[in-house]
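Student: The structure follows.
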Amino acid sequence: MKAIIPHLWFDKEAVEAAEFYTSVFEQSRIQSIAQIHDTPSGTADVVAITLKGQEFRFISAGPDFQMTPAISLRVYCSSKEEVLYLWEILKVDGSILMEVGEYPFSGQYGWLNDRYGVSWQLLWTEEETTVGKIVPQLLFSGQQVGKAKEAIEFYTLLFENSQVDKVVYYEEESDPNSPDMLQYALFTLNGQLFSAMDSNIDYGFVFNEAFSFLVQCDTREEIDFLWKKLSAVPEAEECGWLKDYYGVSWQITPVVLDDLLATDDEKRKERVTKAFLKMKKLDIAALRAAYEKD
């Protein structure tokens with residue numbers, strides 16, 4: 001099993017967003033741009049990029065899903081100046097959720113949605129040991145409030161090379177949040193850092209398919225295992241996508257799918273695309289058969 005990859009869904013802007021982000025963050029580059037045709041939304045751009053040394057996937061697949069701050073990207077900066085530098089670039093044509101400034105938990109922090117709807121938390125603290133990382137943060141609110149700890153325990157037991165790195169609970173006077181809820185947690189899943197928090201404020205947004213997590217599996221057994229453990233909403237199962245008990249979307253795909261779709265043979269690519277679009281849980285043997293069919 002490879003690392004868990006954050007996957008962002010755009011309407012038509014995946015390539016544009018990839019070019020923008022890789023120009024903003026150091027240690028960043030576009031790895032590949034490909035297209036798949038005849039999807040439910042027409043031709044889709046599929047982009048693989050590296051931001052600050054971490055892998056991300058983008059797709060332009062139509063307006064069905066829009067980003068929400070339920071999952072944001074938390075950037076651990078090396079200085080106040082880096083926070084302010086990124087803030088000034090990312091806020092253009094975006095919207096501010098928490099104005100940049102000093103907070104009890106950070107010497108410099110700000111939270112915004114950028115021009116593409118992607119939510120960013122930029123922060124600097126003298127104690128932080130995750131400097132240089134971009135970490136997906138899950139916000140458990142609304143019907144999911146109070147479930148952050150339970151979700152972390154579930155995920156860290158499910159994935160190999162996983163652990164809980166840091167947990168901070170709300171204090172007694174943190175109304176409307178109670179002391180048994182997580183104010184902040186940092187955890188590792190298969191080598192990828194994540195963070196999570198509870199908030200008893202109902203923001204009106206929830207987890208959705210616009211921000212999912214791609215897990216590439218080597219074998220059918222790995223796919224079967226993760227599918228059985230994670231899938232909790234049968235009607236959300238489609239093309240390797242599923243939704244778990246907490247509402248978080250995952251893509252459980254075989255590593256070989258990237259290789260099959262990377263072919264220059266358009267007929268083979270078309271057959272593979274048609275095959276996986278008909279599937280719920282992806283079938284490695286059937287995908288290979290579609291590729292090899294005469």
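Residue names in the structure tokens use chain letters A, B, ... in the order shown, residue numbers from 1 in each chain, and ligand numbers from 1 in the order shown.
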Could you give me, as number ranges by chain, the residues within 8 Å of segment 110-114 of chain A, counting only C-alpha atoms and dropping anything in the same chain fewer than 2 positions from it?
Tutor: A: 69, 83, 87, 90-101, 108, 116-123
Student: Find the residues around segment 135-139 of chain A up to 10 Å (only C-alpha atoms counted), leave out those fewer than 2 positions away in its own chain, and share them as JSON, numbers by chain.
Tutor: {"A": [6, 54, 69, 70, 71, 72, 73, 74, 75, 76, 119, 120, 121, 130, 132, 133, 141, 142, 144, 145, 147, 148, 183, 184, 185, 186, 187, 192, 193, 194, 195, 196, 197, 198, 199, 205, 206, 207, 211, 213, 248]}
Student: If you measure from atom CA of Ala48 of chain A to atom CA of Ile252 of chain A, what distance in Å do you get, rounded to one decimal?
Tutor: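 If I compute the distance from atom CA of Ala48 of chain A to atom CA of Ile252 of chain A, I get 16.6 Å.
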Student: Env of Lys228 of chain A: 12 Å cut, atoms = only C-alpha atoms, seq-sep filter 6 positions within chain, self excluded. Answer as a list in words.
Tutor: Leu158, Glu221, Glu222, Pro234, Glu237, Leu242, Lys243, Asp244, Tyr245, Ile252 and Lys281 of chain A
Student: Report, in Å to a single decimal, how far apart atom CA of Ile284 of chain A and atom CA of Gln31 of chain A are.
Tutor: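 Rounded to one decimal, the two atoms are 24.3 Å apart.
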Student: Determine which residues of segment 1-228 of chain A DSSP labels as strand (DSSP E) from the backbone of this structure, then write them out as a PyMOL selection string.
Tutor: chain A and resi 4-10+29-39+42-51+54-60+71-76+95-103+106-113+119-124+134-140+163-169+182-189+192-198+211-217
Student: Atom CA of Asp265 of chain A to atom CA of Lys12 of chain A: how many Å, to one decimal?
Tutor: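 That distance, rounded to one decimal, is 24.7 Å.
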Student: Skipping near chain neighbours, those fewer than 6 positions away, what residues fall within 12 Å of segment 14-17 of chain A using only C-alpha atoms, listed as a VMD selection string?
Tutor: chain A and resid 7 to 8 23 to 24 30 to 35 44 to 49 51 56 to 62 90 114 to 118 210
Student: Between A:Phe140, A:Trp250, A:Phe20, A:Phe154, which residue has the minimum interatomic distance to Ile89 of chain A, considering only C-alpha atoms?
Tutor: A:Phe20
Student: Please provide as a short mmCIF file (atom, residue, chain, number, x, y, z; two decimals) with all heavy atoms, in the first residue's frame all residues within 8 Å of Glu209 of chain A, with the sequence filter that same-chain residues fewer than 4 positions apart are discarded (counting only C-alpha atoms).
Tutor:
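File written: around_24.cif
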data_model
loop_
_atom_site.label_atom_id
_atom_site.label_comp_id
_atom_site.auth_asym_id
_atom_site.auth_seq_id
_atom_site.Cartn_x
_atom_site.Cartn_y
_atom_site.Cartn_z
N TRP A 9 -11.26 17.83 -5.90
CA TRP A 9 -12.16 17.84 -7.05
C TRP A 9 -12.47 19.29 -7.43
O TRP A 9 -12.95 20.07 -6.62
CB TRP A 9 -13.44 17.11 -6.65
CG TRP A 9 -14.54 17.06 -7.66
CD1 TRP A 9 -15.21 18.12 -8.23
CD2 TRP A 9 -15.17 15.88 -8.17
NE1 TRP A 9 -16.18 17.68 -9.07
CE2 TRP A 9 -16.20 16.31 -9.06
CE3 TRP A 9 -14.98 14.51 -7.97
CZ2 TRP A 9 -17.03 15.41 -9.74
CZ3 TRP A 9 -15.80 13.62 -8.65
CH2 TRP A 9 -16.81 14.06 -9.52
N PHE A 65 -19.54 18.68 -7.03
CA PHE A 65 -19.11 18.85 -5.64
C PHE A 65 -18.27 20.12 -5.52
O PHE A 65 -17.43 20.40 -6.37
CB PHE A 65 -18.29 17.65 -5.17
CG PHE A 65 -18.99 16.34 -5.37
CD1 PHE A 65 -18.56 15.45 -6.33
CD2 PHE A 65 -20.09 15.99 -4.59
CE1 PHE A 65 -19.21 14.24 -6.54
CE2 PHE A 65 -20.75 14.79 -4.78
CZ PHE A 65 -20.31 13.91 -5.76
N VAL A 248 -16.52 10.97 5.59
CA VAL A 248 -15.31 11.26 4.83
C VAL A 248 -15.25 10.36 3.60
O VAL A 248 -15.53 9.16 3.68
CB VAL A 248 -14.05 11.06 5.69
CG1 VAL A 248 -12.78 11.32 4.88
CG2 VAL A 248 -14.10 11.98 6.92
N SER A 249 -14.89 10.93 2.45
CA SER A 249 -14.81 10.18 1.20
C SER A 249 -13.40 9.65 0.96
O SER A 249 -12.41 10.35 1.20
CB SER A 249 -15.23 11.05 0.02
OG SER A 249 -16.62 11.31 0.07
#
Student: Under the rule that only C-alpha atoms are counted, which of A:Lys80, A:Arg220, A:Lys269, A:Lys229 is the nearest residue to Asp283 of chain A?
Tutor: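 Of A:Lys80, A:Arg220, A:Lys269, A:Lys229, the one nearest Asp283 of chain A, counting only C-alpha atoms, is A:Arg220.
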Student: Select, from A:Thr188, A:Ile36, A:Ala151, A:Leu182, the residue with the minimum atom-to-atom distance to Val164 of chain A, counting only C-alpha atoms.
Tutor: A:Thr188
Student: Name the residues of segment 9-126 of chain A that come out as helix (DSSP H, G or I) in a backbone DSSP run; write them as a PyMOL selection string.
Tutor: chain A and resi 14-24+80-90
